[in-house]
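Scroll down for the structure; my scribbles are underneath it.
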Amino acid sequence: MMKFIQHTYLFRLYAEFKLLFVSVCIFILATSWFALHTSEEFPFLLYGMYSLKEEATETYTAYSILVDGKELKYADMHDTREELISSLIRELDSPATEVKEAWLCNKISSSAKQIQVFKLTCNYTADGLPHVLQKQLMYECH
């Protein structure tokens with residue numbers, strides 16, 4: 001066991017560069033502490049990622065997906081799938097190519113007869129509930 005420890009990076013760093021070893025240990029401990037006590041995973045590189053103010057807007061854009069006439073709920077998807085689909089839809093909001101549209105339709109559902117993706121312009125009511133102002137068909141897959 002002692003031979004294994006002597007061949008580790010931290011042991012060799014301690015033996016050759018004690019000041020760098022202390023710096024690395026402090027960095028590891030600080031990163032671990034922040035990861036356990038905050039929502040940021042790597043606080044030294046993500047400063048401001050969650051804390052910068054976002055300006056209030058009158059309207060915002062959302063996207064709705066209908067699969068065979070039923071609305072696809074983002075909450076029912078795994079986070080990775082939801083992120084993949086929603087990021088691709090935002091990218092396709094600019095001029096799209098047929099290849100990306102076909103790929104997106106395949107990722108949403110390969111067995112669906114019809115998939116429609118809508119761009120929604122929304123705002124909030126006085127009660128704080130979302131309200132759809134405009135519903136525009138972005139593209140459709142058959």
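Here's how to read the names in the structure tokens: chain A, B, ... by the order shown, residue numbers from 1 in each chain, ligand numbers from 1 in the order shown.
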
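Residue neighbourhood of region 71-86 of chain A, excluding near-sequence residues (fewer than 3 positions): Thr61, Ala62, Tyr63, Ser64, Ile65, Leu66, Val67, Asp68, Ile89, Arg90, Glu91, Leu92, Asp93, Lys100, Glu101, Trp103, Leu104, Cys105, Asn106, Lys107, Ile108, Ser109, Ala112, Gln114, Ile115, Gln116, Val117, Phe118 and Lys119 of chain A, at 12 Å, using only C-alpha atoms.
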
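For Tyr124 (chain A), the list of residues within 9 Å, based on only C-alpha atoms and with local chain neighbours fewer than 6 positions off taken out, reads Glu58, Thr59, Pro130, His131 and Val132 of chain A.
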
Next on the checklist: Going by DSSP on the backbone, which residues of region 16-141 of chain A come out as strand (DSSP E)? List them as a PyMOL selection string.
Outcome noted: chain A and resi 60-67+70-71+115-124+130-141

Please save N, CA, C and O atoms of the selected residues as a short mmCIF file (atom, residue, chain, number, x, y, z; two decimals), in the first residue's frame.
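To be explicit, this is the file written out as selection_4.cif:
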```cif
data_model
loop_
_atom_site.label_atom_id
_atom_site.label_comp_id
_atom_site.auth_asym_id
_atom_site.auth_seq_id
_atom_site.Cartn_x
_atom_site.Cartn_y
_atom_site.Cartn_z
N TYR A 60 -41.28 36.98 -23.83
CA TYR A 60 -40.20 36.01 -23.93
C TYR A 60 -40.61 34.93 -24.94
O TYR A 60 -41.78 34.82 -25.30
N THR A 61 -39.64 34.17 -25.39
CA THR A 61 -39.89 33.14 -26.39
C THR A 61 -39.82 31.76 -25.75
O THR A 61 -38.91 31.47 -24.97
N ALA A 62 -40.78 30.94 -26.09
CA ALA A 62 -40.80 29.54 -25.65
C ALA A 62 -41.11 28.69 -26.88
O ALA A 62 -41.53 29.21 -27.92
N TYR A 63 -40.92 27.40 -26.76
CA TYR A 63 -41.16 26.49 -27.88
C TYR A 63 -42.06 25.36 -27.41
O TYR A 63 -41.91 24.84 -26.31
N SER A 64 -43.00 24.98 -28.26
CA SER A 64 -43.94 23.91 -27.97
C SER A 64 -43.80 22.83 -29.05
O SER A 64 -43.68 23.15 -30.23
N ILE A 65 -43.84 21.59 -28.63
CA ILE A 65 -43.71 20.47 -29.56
C ILE A 65 -44.96 19.60 -29.45
O ILE A 65 -45.33 19.17 -28.35
N LEU A 66 -45.61 19.38 -30.58
CA LEU A 66 -46.76 18.48 -30.64
C LEU A 66 -46.34 17.21 -31.36
O LEU A 66 -45.84 17.27 -32.48
N VAL A 67 -46.54 16.07 -30.72
CA VAL A 67 -46.25 14.77 -31.31
C VAL A 67 -47.57 14.05 -31.48
O VAL A 67 -48.23 13.71 -30.49
N LYS A 70 -50.43 15.57 -29.49
CA LYS A 70 -50.29 15.71 -28.04
C LYS A 70 -49.03 16.52 -27.74
O LYS A 70 -47.98 16.27 -28.32
N GLU A 71 -49.16 17.47 -26.81
CA GLU A 71 -48.01 18.31 -26.47
C GLU A 71 -46.97 17.50 -25.69
O GLU A 71 -47.30 16.78 -24.75
N ILE A 115 -44.97 15.53 -36.30
CA ILE A 115 -44.36 16.34 -35.25
C ILE A 115 -44.41 17.79 -35.70
O ILE A 115 -44.00 18.11 -36.81
N GLN A 116 -44.93 18.65 -34.83
CA GLN A 116 -44.98 20.08 -35.12
C GLN A 116 -44.24 20.82 -34.02
O GLN A 116 -44.44 20.54 -32.83
N VAL A 117 -43.41 21.78 -34.42
CA VAL A 117 -42.68 22.60 -33.47
C VAL A 117 -43.17 24.03 -33.64
O VAL A 117 -43.13 24.59 -34.74
N PHE A 118 -43.65 24.61 -32.54
CA PHE A 118 -44.20 25.96 -32.55
C PHE A 118 -43.31 26.90 -31.76
O PHE A 118 -42.76 26.53 -30.72
N LYS A 119 -43.19 28.13 -32.25
CA LYS A 119 -42.51 29.19 -31.52
C LYS A 119 -43.60 30.02 -30.86
O LYS A 119 -44.52 30.51 -31.51
N LEU A 120 -43.50 30.16 -29.54
CA LEU A 120 -44.50 30.89 -28.77
C LEU A 120 -43.93 32.21 -28.28
O LEU A 120 -42.83 32.23 -27.73
N THR A 121 -44.65 33.28 -28.49
CA THR A 121 -44.31 34.58 -27.90
C THR A 121 -45.23 34.75 -26.71
O THR A 121 -46.46 34.73 -26.86
N CYS A 122 -44.67 34.87 -25.53
CA CYS A 122 -45.45 34.85 -24.30
C CYS A 122 -45.14 36.07 -23.43
O CYS A 122 -44.14 36.74 -23.61
N ASN A 123 -46.04 36.32 -22.49
CA ASN A 123 -45.78 37.27 -21.41
C ASN A 123 -46.45 36.72 -20.16
O ASN A 123 -47.01 35.63 -20.18
N TYR A 124 -46.39 37.46 -19.08
CA TYR A 124 -47.01 37.03 -17.84
C TYR A 124 -48.21 37.92 -17.53
O TYR A 124 -48.16 39.13 -17.76
N PRO A 130 -48.23 32.42 -17.12
CA PRO A 130 -47.82 32.65 -18.50
C PRO A 130 -49.03 32.76 -19.43
O PRO A 130 -50.04 32.08 -19.23
N HIS A 131 -48.90 33.63 -20.41
CA HIS A 131 -49.97 33.85 -21.39
C HIS A 131 -49.34 33.87 -22.78
O HIS A 131 -48.39 34.62 -23.03
N VAL A 132 -49.87 33.05 -23.69
CA VAL A 132 -49.35 32.97 -25.05
C VAL A 132 -49.97 34.08 -25.88
O VAL A 132 -51.18 34.16 -26.03
N LEU A 133 -49.11 34.96 -26.42
CA LEU A 133 -49.58 36.06 -27.27
C LEU A 133 -49.67 35.63 -28.73
O LEU A 133 -50.58 36.03 -29.44
N GLN A 134 -48.69 34.83 -29.16
CA GLN A 134 -48.64 34.42 -30.57
C GLN A 134 -48.07 33.01 -30.65
O GLN A 134 -47.11 32.67 -29.95
N LYS A 135 -48.67 32.18 -31.51
CA LYS A 135 -48.21 30.81 -31.73
C LYS A 135 -47.93 30.66 -33.21
O LYS A 135 -48.81 30.79 -34.03
N GLN A 136 -46.65 30.41 -33.53
CA GLN A 136 -46.22 30.36 -34.93
C GLN A 136 -45.59 29.00 -35.22
O GLN A 136 -44.69 28.56 -34.49
N LEU A 137 -46.06 28.32 -36.27
CA LEU A 137 -45.49 27.03 -36.66
C LEU A 137 -44.11 27.26 -37.24
O LEU A 137 -43.95 27.98 -38.21
N MET A 138 -43.08 26.66 -36.62
CA MET A 138 -41.72 26.79 -37.14
C MET A 138 -41.45 25.75 -38.22
O MET A 138 -40.96 26.08 -39.28
N TYR A 139 -41.74 24.49 -37.94
CA TYR A 139 -41.59 23.43 -38.93
C TYR A 139 -42.39 22.22 -38.51
O TYR A 139 -42.85 22.10 -37.38
N GLU A 140 -42.53 21.33 -39.45
CA GLU A 140 -43.37 20.16 -39.27
C GLU A 140 -42.68 18.95 -39.90
O GLU A 140 -42.08 19.05 -40.96
N CYS A 141 -42.76 17.82 -39.22
CA CYS A 141 -42.18 16.58 -39.73
C CYS A 141 -43.29 15.57 -39.93
O CYS A 141 -44.20 15.47 -39.11
#
```

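With only C-alpha atoms as the atoms that count, the minimum distance from Lys113 (chain A) to the choices A:Phe4, A:Ser32, A:His142, A:Gly69 is reached by A:His142.
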
If we count only C-alpha atoms, what is near Phe21 (chain A) at a cut-off of 7 Å, once residues fewer than 5 positions away on the same chain are taken out, given as a PDB file with all heavy atoms, in the first residue's frame?
```pdb
ATOM      1  N   LEU A  10       0.080  13.416  -5.903  1.00  0.00           N
ATOM      2  CA  LEU A  10       0.170  14.302  -4.736  1.00  0.00           C
ATOM      3  C   LEU A  10       1.392  13.982  -3.862  1.00  0.00           C
ATOM      4  O   LEU A  10       2.034  14.896  -3.338  1.00  0.00           O
ATOM      5  CB  LEU A  10      -1.114  14.228  -3.909  1.00  0.00           C
ATOM      6  CG  LEU A  10      -2.331  14.919  -4.515  1.00  0.00           C
ATOM      7  CD1 LEU A  10      -3.555  14.701  -3.642  1.00  0.00           C
ATOM      8  CD2 LEU A  10      -2.077  16.400  -4.721  1.00  0.00           C
ATOM      9  N   LEU A  13       4.365  15.344  -5.675  1.00  0.00           N
ATOM     10  CA  LEU A  13       4.326  16.805  -5.605  1.00  0.00           C
ATOM     11  C   LEU A  13       4.780  17.281  -4.228  1.00  0.00           C
ATOM     12  O   LEU A  13       5.555  18.232  -4.123  1.00  0.00           O
ATOM     13  CB  LEU A  13       2.903  17.296  -5.900  1.00  0.00           C
ATOM     14  CG  LEU A  13       2.724  18.786  -6.082  1.00  0.00           C
ATOM     15  CD1 LEU A  13       3.509  19.275  -7.301  1.00  0.00           C
ATOM     16  CD2 LEU A  13       1.247  19.110  -6.254  1.00  0.00           C
ATOM     17  N   TYR A  14       4.333  16.606  -3.172  1.00  0.00           N
ATOM     18  CA  TYR A  14       4.751  16.958  -1.816  1.00  0.00           C
ATOM     19  C   TYR A  14       6.258  16.802  -1.649  1.00  0.00           C
ATOM     20  O   TYR A  14       6.920  17.638  -1.048  1.00  0.00           O
ATOM     21  CB  TYR A  14       4.005  16.090  -0.798  1.00  0.00           C
ATOM     22  CG  TYR A  14       4.471  16.314   0.618  1.00  0.00           C
ATOM     23  CD1 TYR A  14       4.077  17.452   1.313  1.00  0.00           C
ATOM     24  CD2 TYR A  14       5.303  15.407   1.250  1.00  0.00           C
ATOM     25  CE1 TYR A  14       4.517  17.673   2.606  1.00  0.00           C
ATOM     26  CE2 TYR A  14       5.750  15.601   2.541  1.00  0.00           C
ATOM     27  CZ  TYR A  14       5.352  16.744   3.220  1.00  0.00           C
ATOM     28  OH  TYR A  14       5.796  16.968   4.496  1.00  0.00           O
TER      29      TYR A  14
END
```

Among chain A, which ones does DSSP assign to helix (DSSP H, G or I) (computed from the backbone)? Answer as an mmCIF file with C-alpha atoms, in the first residue's frame.
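To be explicit, this is the file written out as states.cif:
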```cif
data_model
loop_
_atom_site.group_PDB
_atom_site.id
_atom_site.type_symbol
_atom_site.label_atom_id
_atom_site.label_comp_id
_atom_site.auth_asym_id
_atom_site.auth_seq_id
_atom_site.Cartn_x
_atom_site.Cartn_y
_atom_site.Cartn_z
ATOM 1 C CA MET A 2 2.832 2.402 0.844
ATOM 2 C CA LYS A 3 4.425 1.847 -2.590
ATOM 3 C CA PHE A 4 1.119 2.765 -4.236
ATOM 4 C CA ILE A 5 0.898 6.006 -2.248
ATOM 5 C CA GLN A 6 4.500 6.894 -3.103
ATOM 6 C CA TYR A 9 0.823 12.584 -8.065
ATOM 7 C CA LEU A 10 0.170 14.302 -4.736
ATOM 8 C CA PHE A 11 2.892 12.376 -2.915
ATOM 9 C CA ARG A 12 5.453 13.176 -5.605
ATOM 10 C CA LEU A 13 4.326 16.805 -5.605
ATOM 11 C CA TYR A 14 4.751 16.958 -1.816
ATOM 12 C CA ALA A 15 8.229 15.465 -2.047
ATOM 13 C CA GLU A 16 9.453 17.850 -4.768
ATOM 14 C CA LYS A 18 5.894 21.659 -1.092
ATOM 15 C CA LEU A 19 4.523 25.140 -1.878
ATOM 16 C CA LEU A 20 2.783 23.889 -5.017
ATOM 17 C CA PHE A 21 1.465 20.891 -3.053
ATOM 18 C CA VAL A 22 -0.103 23.224 -0.466
ATOM 19 C CA SER A 23 -1.615 25.350 -3.252
ATOM 20 C CA VAL A 24 -3.111 22.307 -4.992
ATOM 21 C CA CYS A 25 -4.547 20.989 -1.707
ATOM 22 C CA ILE A 26 -6.137 24.364 -0.907
ATOM 23 C CA PHE A 27 -7.597 24.493 -4.421
ATOM 24 C CA ILE A 28 -9.016 20.950 -4.114
ATOM 25 C CA LEU A 29 -10.509 21.658 -0.685
ATOM 26 C CA ALA A 30 -11.998 25.013 -1.735
ATOM 27 C CA THR A 31 -13.505 23.556 -4.896
ATOM 28 C CA SER A 32 -14.967 20.632 -2.956
ATOM 29 C CA TRP A 33 -16.420 22.950 -0.303
ATOM 30 C CA PHE A 34 -18.037 25.233 -2.895
ATOM 31 C CA ALA A 35 -19.380 22.241 -4.842
ATOM 32 C CA LEU A 36 -21.057 20.900 -1.696
ATOM 33 C CA HIS A 37 -22.414 24.237 -0.436
ATOM 34 C CA TYR A 74 -40.275 18.919 -21.169
ATOM 35 C CA ALA A 75 -40.692 17.895 -17.523
ATOM 36 C CA ASP A 76 -41.260 14.273 -18.592
ATOM 37 C CA ASP A 79 -32.433 16.532 -18.476
ATOM 38 C CA THR A 80 -29.918 15.581 -21.165
ATOM 39 C CA ARG A 81 -32.600 14.812 -23.754
ATOM 40 C CA GLU A 82 -34.534 17.990 -22.908
ATOM 41 C CA GLU A 83 -31.362 20.077 -23.206
ATOM 42 C CA LEU A 84 -30.422 18.442 -26.516
ATOM 43 C CA ILE A 85 -33.849 19.053 -28.044
ATOM 44 C CA SER A 86 -34.393 22.568 -26.678
ATOM 45 C CA SER A 87 -30.912 23.771 -27.664
ATOM 46 C CA LEU A 88 -31.375 22.432 -31.190
ATOM 47 C CA ILE A 89 -34.787 24.111 -31.466
ATOM 48 C CA ARG A 90 -33.268 27.447 -30.401
ATOM 49 C CA GLU A 91 -30.541 26.963 -33.013
ATOM 50 C CA LEU A 92 -33.133 26.146 -35.663
ATOM 51 C CA GLU A 98 -33.429 20.178 -43.635
ATOM 52 C CA VAL A 99 -30.733 17.908 -42.200
ATOM 53 C CA LYS A 100 -31.021 19.484 -38.740
ATOM 54 C CA GLU A 101 -34.810 19.403 -38.874
ATOM 55 C CA ALA A 102 -34.810 15.712 -39.808
ATOM 56 C CA TRP A 103 -32.299 14.952 -37.060
ATOM 57 C CA LEU A 104 -34.402 16.837 -34.494
ATOM 58 C CA CYS A 105 -37.582 15.032 -35.538
ATOM 59 C CA ASN A 106 -35.767 11.710 -35.169
ATOM 60 C CA LYS A 107 -34.538 12.684 -31.672
ATOM 61 C CA ILE A 108 -38.023 13.720 -30.554
#
```
